[in-house]
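Enquirer: Dumping the structure here so I can ask a few things about it.
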Amino acid sequence: MKLPRRVWAVPAIAAAVFCLAVGAVVAWQAERALRGSERGVAAGSVIPFTSAAVSPAANPGFEGFAAPAVFRSGAAFHGRFYLSGPAGLYSYTSDGALQRIYRVGLDLPPAPLGEMAVGTLADSRAPELLIATDGEGVLVFDGQRFRQTRPAQPDARKVTALLPLASGRLLWGTAKSGLLVYDGRTLQAFHSTTKNVFVTALAGNEAELWVGTLDRGVLHWHGGQAETIDEALGLPDARVESIAAAGDAVFVGTPAGVAEVRAGKVSRVLAAGRYAHSVLAEPRSLLVGQMEGGVLRVALEGVSNPGAMRRPIGAHAEYPAELKRSDASGAAVEQLLRVGDARYAVTANGLLRLEAGGEWSPVLNGNAALLTDRNVSALMVGSDGRLWVGYFDRGLDIVPAAGGRPVHVENEQVFCTNRIVENRSLGAVAVATANGLVLFDRDGRQKQVLTRESGLIANHVTDVAMYGDGMVAGTPAGITFLDASGPHSMYAFQGLVNNHVYALGAGGNGLVVGTLGGLSLVSHGAVRHNWTTGNSGLKANWITALASVGGEWLAGTYGAGVARIDADGMVTPADASTRGAVVNPGALLADGRVVLAGTLGQGLLVGDATGTRWKTVTAGLPSLNVTALAVDKGVVYVGTDNGLVKISEDKL
């Protein structure tokens with residue numbers, strides 16, 4: 001189905017949405033208020049940044065596995081419709097045909113894409129497509145080329161919301177650095193009142209600004225002052241998901257309904273009890289996009305003066321209005337937007353258009369995916385060649401060695417996957433999850449679930465290793481041995497350096513246990529030695545991953561790179577090239593040819609066979625957060641929080 005051609009009147013759209021017309025006096029007052037807010041911010045709030053053209057990265061040879069596109073935002077720009085998501089930017093023609101994918105990690109910096117807007121910035125001469133990223137600042141696209149505004153502070157690079165202003169300034173919200181303002185020359189905190197808030201949504205203009213937050217309600221900035229509207233003042237929930245301004249009314253979407261705000265006060269709650277993830281105000285109705293359940297259309301008319309209606313604070317009485325559901329494929333409705341006379345819903349699966357009859361018809365669909373999810377947390381290649389892919393919160397996929405559709409397993413136990421290990425002699429697979437240790441047979445069928453009722457010291461299993469004639473499970477409460485004698489546990493009372501176990505390494509009769517408080521060596525059922533920052537060369541006590549190299553152990557740490565423990569128990573701190581790196585839980589691998597370490601935000605660390613010399617690889621990765629690793633027959637599998645790729649070991 002074609003998109004209507006009148007949709008693509010971009011200058012008119014930009015003028016209507018982003019170049020809000022205000023009177024000369026109001027504009028002057030607004031400008032003065034904004035400049036006053038900037039002067040009121042301490043000099044230390046100015047954030048250094050770089051602004052440069054984006055050049056495609058030279059891919060060393062990574063190949064991606066098809067994962068769900070997962071769209072987050074949509075925008076009409078230069079006769080095209082663009083959808084953004086964790087995998088990249090998707091460009092569609094006016095006929096709805098996919099024209100090009102700009103992939104993160106290759107064409108774009110390695111960070112998931114989020115909210116988009118169209119606006120003319122102070123350092124530009126024409127409208128451009130503005131794209132928020134989760135870790136690489138803001139991308140600006142003129143239809144041909146990208147440029148990147150990248151703050152020096154990592155927290156300022158995680159952008160959660162965008163609002164271009166008629167003055168050419170760009171407001172961008174962040175998770176930890178609050179609300180920032182960019183004027184083409186400087187980037188700084190907007191105001192002290194918005195400096196440390198988790199910004200979720202932005203709406204308004206220079207004269208009147210609305211800032212949605214994660215847990216503080218909505219901040220109303222006007223006339224150089226800020227007011228907070230929270231649950232105590234009638235907001236149905238302190239978490240703000242979306243904001244839509246229309247005339248003298250502002251609609252604030254929350255997980256518990258939509259608050260209609262007039263004259264700075266909540267006048268009523270619409271769609272009470274519904275999860276209002278996105279909202280779009282119409283002349284006589286309000287469209288409410290839900291996390292599940294499609295789109296609601298709520299009629300706004302019904303009394304002669306809705307603004308005069310006041311409900312008691314704390315009451316959730318819904319205004320007597322039409323509440324009609326329009327199906328939107330059941331997927332989360334990420335954004336509702338108006339393009340010309342058409343109304344669109346961006347869902348995780350694609351783009352829908354509202355038809356005259358009130359139903360939503362698909363316009364653009366996402367890609368055909370092999371994998372179930374993008375957030376990979378564990379990897380293992382079995383002796384039969386099948387690839388096991390565990391997810392942070394979607395269970396696991398078992399991908400056949402010869403190709404074909406994977407087998408997906410997701411249930412109450414197999415949900416949050418931490419580690420996957422095979423007992424090659426038996427062909428059985430043990431899967432450590434947040435809800436127990438799940439055992440599969442050689443055919444990939446779930447056979448048994450071990451929990452505290454089965455003898456584990458805790459239900460949450462962080463790691464598992466084959467050990468002796470059985471296995472050992474690591475948990476936040478200690479370790480549990482599972483062997484022929486039955487389950488028996490060990491924790492700090494028996495000498496373990498710390499109860500919270502993150503990593504296990506088994507070799508011969510020895511077991512190395514990595515914990516939140518250091519390392520323990522366990523042999524013949526007893527703790528033989530503990531290493532901490534106080535009695536060894538360790539530079540961080542939090543041990544996240546372990547790997548055996550030539551009779552020695554490498555230990556990944558949280559914040560101090562990869563340390564080495566030799567056969568005599570001497571600890572050597574990390575090489576300078578890995579020092580300071582956060583190694584993700586379980587993301588350390590050695591196969592005799594290379595040593596690999598997955599980091600939080602620094603990409604893939606590649607070491608030589610002994611883990612002595614290291615380099616960092618980022619080009620070609622879908623994210624710099626490398627969460628899982630596996631190797632088989634010279635092929636390295638790299639899991640991230642934004643997809644799975646593979647590469648020949650020789651190319652590393």
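We name chains A, B, ... following the order of the structure tokens; residues begin at 1 in each chain, and ligands are numbered from 1 as shown.
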If you run DSSP on the backbone here, which positions in segment 134-285 of chain A get strand (DSSP E or B)? Please write them as a ChimeraX atom specification.

Expert: /A:134,138-141,146-151,158-164,170-174,179-182,187-189,199-204,208-213,218-222,225-229,242-246,249-254,257-262,265-270,276-281,285

Enquirer: May I have the residues within 9 Å of Ala526 of chain A as a PyMOL selection string, using only C-alpha atoms and disregarding those fewer than 2 positions away in the same chain?

Expert: chain A and resi 490+494-496+521-524+528

Enquirer: May I have the residues within 8 Å of Gly603 of chain A as a ChimeraX atom specification, using only C-alpha atoms and disregarding those fewer than 2 positions away in the same chain?

Expert: /A:598-601,605,616-618,621,623-626

Enquirer: Those residues you just picked out, can you put them in a file as a PDB file, in the first residue's frame with N, CA, C and O atoms?

Expert:
```pdb
ATOM      1  N   GLY A 598      34.781  -9.466  26.189  1.00  0.00           N
ATOM      2  CA  GLY A 598      33.709  -8.537  25.853  1.00  0.00           C
ATOM      3  C   GLY A 598      33.567  -7.488  26.936  1.00  0.00           C
ATOM      4  O   GLY A 598      33.528  -7.815  28.128  1.00  0.00           O
ATOM      5  N   THR A 599      33.493  -6.246  26.539  1.00  0.00           N
ATOM      6  CA  THR A 599      33.467  -5.162  27.515  1.00  0.00           C
ATOM      7  C   THR A 599      32.145  -4.407  27.499  1.00  0.00           C
ATOM      8  O   THR A 599      31.358  -4.502  26.556  1.00  0.00           O
ATOM      9  N   LEU A 600      31.960  -3.631  28.548  1.00  0.00           N
ATOM     10  CA  LEU A 600      30.807  -2.752  28.666  1.00  0.00           C
ATOM     11  C   LEU A 600      31.189  -1.387  28.103  1.00  0.00           C
ATOM     12  O   LEU A 600      31.803  -0.570  28.780  1.00  0.00           O
ATOM     13  N   GLY A 601      30.885  -1.181  26.810  1.00  0.00           N
ATOM     14  CA  GLY A 601      31.078   0.125  26.208  1.00  0.00           C
ATOM     15  C   GLY A 601      32.388   0.357  25.494  1.00  0.00           C
ATOM     16  O   GLY A 601      32.595   1.423  24.923  1.00  0.00           O
ATOM     17  N   LEU A 605      37.831  -6.826  23.141  1.00  0.00           N
ATOM     18  CA  LEU A 605      39.271  -6.884  23.365  1.00  0.00           C
ATOM     19  C   LEU A 605      39.791  -8.188  22.788  1.00  0.00           C
ATOM     20  O   LEU A 605      39.265  -9.269  23.088  1.00  0.00           O
ATOM     21  N   THR A 616      41.939  -3.469  20.571  1.00  0.00           N
ATOM     22  CA  THR A 616      40.496  -3.263  20.690  1.00  0.00           C
ATOM     23  C   THR A 616      39.864  -3.230  19.315  1.00  0.00           C
ATOM     24  O   THR A 616      40.353  -2.555  18.407  1.00  0.00           O
ATOM     25  N   VAL A 617      38.766  -3.976  19.156  1.00  0.00           N
ATOM     26  CA  VAL A 617      38.021  -4.015  17.901  1.00  0.00           C
ATOM     27  C   VAL A 617      36.634  -3.429  18.145  1.00  0.00           C
ATOM     28  O   VAL A 617      35.915  -3.878  19.047  1.00  0.00           O
ATOM     29  N   THR A 618      36.275  -2.430  17.353  1.00  0.00           N
ATOM     30  CA  THR A 618      34.943  -1.833  17.453  1.00  0.00           C
ATOM     31  C   THR A 618      34.216  -1.826  16.109  1.00  0.00           C
ATOM     32  O   THR A 618      32.988  -1.949  16.073  1.00  0.00           O
ATOM     33  N   LEU A 621      30.898  -3.994  14.833  1.00  0.00           N
ATOM     34  CA  LEU A 621      30.057  -4.464  15.930  1.00  0.00           C
ATOM     35  C   LEU A 621      28.754  -3.673  15.964  1.00  0.00           C
ATOM     36  O   LEU A 621      28.770  -2.451  15.785  1.00  0.00           O
ATOM     37  N   SER A 623      27.128  -3.043  18.575  1.00  0.00           N
ATOM     38  CA  SER A 623      27.132  -2.304  19.835  1.00  0.00           C
ATOM     39  C   SER A 623      28.510  -2.459  20.462  1.00  0.00           C
ATOM     40  O   SER A 623      29.193  -3.476  20.262  1.00  0.00           O
ATOM     41  N   LEU A 624      28.915  -1.468  21.245  1.00  0.00           N
ATOM     42  CA  LEU A 624      30.174  -1.570  21.975  1.00  0.00           C
ATOM     43  C   LEU A 624      30.010  -2.324  23.285  1.00  0.00           C
ATOM     44  O   LEU A 624      30.987  -2.539  23.998  1.00  0.00           O
ATOM     45  N   ASN A 625      28.797  -2.725  23.607  1.00  0.00           N
ATOM     46  CA  ASN A 625      28.536  -3.525  24.798  1.00  0.00           C
ATOM     47  C   ASN A 625      28.525  -4.997  24.383  1.00  0.00           C
ATOM     48  O   ASN A 625      27.498  -5.534  23.965  1.00  0.00           O
ATOM     49  N   VAL A 626      29.681  -5.657  24.476  1.00  0.00           N
ATOM     50  CA  VAL A 626      29.830  -7.056  24.065  1.00  0.00           C
ATOM     51  C   VAL A 626      29.535  -7.937  25.264  1.00  0.00           C
ATOM     52  O   VAL A 626      30.240  -7.898  26.274  1.00  0.00           O
TER      53      VAL A 626
END
```

Enquirer: Any chance you could tabulate, as CSV, the residues of segment 141-236 of chain A at most 12 Å from segment 274-284 of chain A with each one's nearest atom pair and distance in Å to one decimal, using only C-alpha atoms, in chain and rising number order?

Expert:
```
residue,atom,partner,partner_atom,distance
A:Thr200,CA,A:His277,CA,10.8
A:Ala201,CA,A:Ser278,CA,9.9
A:Ala203,CA,A:Val279,CA,11.6
A:Pro236,CA,A:Arg274,CA,10.3
```

Enquirer: Using only C-alpha atoms, which residues sit within 10 Å of Leu354 of chain A once same-chain residues fewer than 2 positions away are excluded, as a compact mmCIF listing (two decimals) with C-alpha atoms, in the first residue's frame?

Expert:
```txt
# COMPACT_ATOMS: atom_id res chain seq x y z
CA VAL A 295 -4.41 2.23 20.03
CA SER A 326 -8.27 0.29 17.24
CA ASP A 327 -6.11 -2.76 16.68
CA ALA A 328 -2.44 -2.03 15.91
CA ALA A 342 -2.51 10.94 7.63
CA ARG A 343 -2.00 9.38 11.05
CA TYR A 344 0.64 6.74 11.62
CA ALA A 345 1.64 4.36 14.40
CA LEU A 352 0.67 1.33 10.44
CA ALA A 356 -11.14 6.12 7.52
CA GLY A 357 -12.98 3.27 9.23
CA GLY A 358 -10.86 3.55 12.36
CA GLU A 359 -8.70 0.49 11.76
CA TRP A 360 -4.93 0.41 11.33
CA SER A 361 -3.51 -1.07 8.15
CA PRO A 362 0.14 -2.13 7.73
```

Enquirer: Between A:Leu546, A:Val258, A:Ala492, A:Leu235, which has the minimum distance to Val513 of chain A (counting only C-alpha atoms)?

Expert: A:Leu546

Enquirer: Can you list, as a PDB file with N, CA, C and O atoms, in the first residue's frame, every protein, DNA or RNA residue that comes within 8 Å of Thr515 of chain A when you count only C-alpha atoms, leaving out same-chain residues fewer than 6 positions away?

Expert:
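Contents of the output file out-v6.pdb:
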```pdb
ATOM      1  N   VAL A 497      35.412 -16.128  49.608  1.00  0.00           N
ATOM      2  CA  VAL A 497      35.760 -14.725  49.825  1.00  0.00           C
ATOM      3  C   VAL A 497      34.528 -13.825  49.819  1.00  0.00           C
ATOM      4  O   VAL A 497      34.512 -12.780  50.485  1.00  0.00           O
ATOM      5  N   ASN A 498      33.481 -14.224  49.089  1.00  0.00           N
ATOM      6  CA  ASN A 498      32.237 -13.457  49.050  1.00  0.00           C
ATOM      7  C   ASN A 498      31.129 -14.379  48.566  1.00  0.00           C
ATOM      8  O   ASN A 498      31.374 -15.274  47.748  1.00  0.00           O
ATOM      9  N   ASN A 499      29.924 -14.154  49.038  1.00  0.00           N
ATOM     10  CA  ASN A 499      28.812 -15.028  48.639  1.00  0.00           C
ATOM     11  C   ASN A 499      28.359 -14.812  47.199  1.00  0.00           C
ATOM     12  O   ASN A 499      27.889 -15.741  46.544  1.00  0.00           O
ATOM     13  N   HIS A 500      28.477 -13.583  46.706  1.00  0.00           N
ATOM     14  CA  HIS A 500      27.916 -13.269  45.389  1.00  0.00           C
ATOM     15  C   HIS A 500      28.886 -13.727  44.305  1.00  0.00           C
ATOM     16  O   HIS A 500      29.886 -13.084  44.024  1.00  0.00           O
ATOM     17  N   VAL A 501      28.564 -14.842  43.674  1.00  0.00           N
ATOM     18  CA  VAL A 501      29.425 -15.471  42.674  1.00  0.00           C
ATOM     19  C   VAL A 501      28.991 -15.046  41.277  1.00  0.00           C
ATOM     20  O   VAL A 501      27.806 -15.105  40.941  1.00  0.00           O
ATOM     21  N   TYR A 502      29.963 -14.621  40.467  1.00  0.00           N
ATOM     22  CA  TYR A 502      29.695 -14.227  39.091  1.00  0.00           C
ATOM     23  C   TYR A 502      30.327 -15.158  38.070  1.00  0.00           C
ATOM     24  O   TYR A 502      29.841 -15.267  36.940  1.00  0.00           O
ATOM     25  N   ALA A 503      31.436 -15.817  38.423  1.00  0.00           N
ATOM     26  CA  ALA A 503      32.167 -16.597  37.426  1.00  0.00           C
ATOM     27  C   ALA A 503      32.767 -17.839  38.068  1.00  0.00           C
ATOM     28  O   ALA A 503      33.184 -17.828  39.235  1.00  0.00           O
ATOM     29  N   ASN A 541      38.081  -5.938  43.007  1.00  0.00           N
ATOM     30  CA  ASN A 541      37.605  -7.173  43.638  1.00  0.00           C
ATOM     31  C   ASN A 541      36.491  -7.860  42.858  1.00  0.00           C
ATOM     32  O   ASN A 541      36.292  -9.068  42.992  1.00  0.00           O
ATOM     33  N   TRP A 542      35.762  -7.093  42.092  1.00  0.00           N
ATOM     34  CA  TRP A 542      34.607  -7.656  41.385  1.00  0.00           C
ATOM     35  C   TRP A 542      35.111  -8.445  40.175  1.00  0.00           C
ATOM     36  O   TRP A 542      35.559  -7.894  39.186  1.00  0.00           O
ATOM     37  N   ILE A 543      35.022  -9.765  40.265  1.00  0.00           N
ATOM     38  CA  ILE A 543      35.471 -10.664  39.200  1.00  0.00           C
ATOM     39  C   ILE A 543      34.254 -11.093  38.387  1.00  0.00           C
ATOM     40  O   ILE A 543      33.312 -11.683  38.922  1.00  0.00           O
ATOM     41  N   THR A 544      34.274 -10.809  37.093  1.00  0.00           N
ATOM     42  CA  THR A 544      33.099 -11.053  36.250  1.00  0.00           C
ATOM     43  C   THR A 544      33.233 -12.259  35.332  1.00  0.00           C
ATOM     44  O   THR A 544      32.232 -12.808  34.879  1.00  0.00           O
TER      45      THR A 544
END
```

Enquirer: Between A:Ala332, A:Ala540, A:Val645, A:Ile101, which residue has the minimum interatomic distance to Met291 of chain A, considering only C-alpha atoms?

Expert: A:Ala332

Enquirer: Go through A:Gly455, A:Gly559, A:Gly507, A:Pro48 and flag the residue nearest Ser489 of chain A, using only C-alpha atoms for the distances.

Expert: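 Counting only C-alpha atoms, the residue closest to Ser489 of chain A is A:Gly455.
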
Enquirer: Pick out the residues sitting within 7 Å of Val449 of chain A, and hand them over as a PyMOL selection string; count only C-alpha atoms, and ignore anything fewer than 6 positions along from it in its own chain.

Expert: chain A and resi 436-439

Enquirer: Would you write out those residues with C-alpha atoms, as a PDB file, in the first residue's frame?

Expert:
```pdb
ATOM      1  CA  GLY A 436      17.061 -21.941  38.250  1.00  0.00           C
ATOM      2  CA  LEU A 437      19.429 -24.339  36.503  1.00  0.00           C
ATOM      3  CA  VAL A 438      17.682 -25.878  33.489  1.00  0.00           C
ATOM      4  CA  LEU A 439      18.956 -29.137  31.979  1.00  0.00           C
TER       5      LEU A 439
END
```

Enquirer: At what distance in Å, to one decimal, does atom CA of Ala506 of chain A lie from atom CA of Ala430 of chain A?

Expert: 15.1 Å

Enquirer: With only C-alpha atoms as the counted atoms, please give the residues lying no more than 7 Å from segment 156-159 of chain A, apart from itself and same-chain residues fewer than 3 positions off, as a list in words.

Expert: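 Neighbouring residues, sequence-local ones excluded: Ala132, Thr133, Asp134, Gly135, Glu136, Gly137, Arg150, Pro151, Gln153, Trp172, Gly173, Thr174, Ala175 and Ser177 of chain A.
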
Enquirer: Once DSSP has gone over the backbone, tell me which residues of segment 79-246 of chain A are in helix (DSSP H, G or I), as an MDAnalysis selection string.

Expert: chainID A and resid 154:157 192:194 231:233

Enquirer: Have a look at atom CA of Gly514 of chain A and atom CA of Ala432 of chain A and let me know their distance in Å, one decimal.

Expert: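 Atom CA of Gly514 of chain A sits 15.9 Å away from atom CA of Ala432 of chain A.
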
Enquirer: What does the structure give for the distance between atom CA of Pro487 of chain A and atom CA of Gly586 of chain A, in Å to one decimal?

Expert: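 Computing it gives 23.5 Å between the two atoms.
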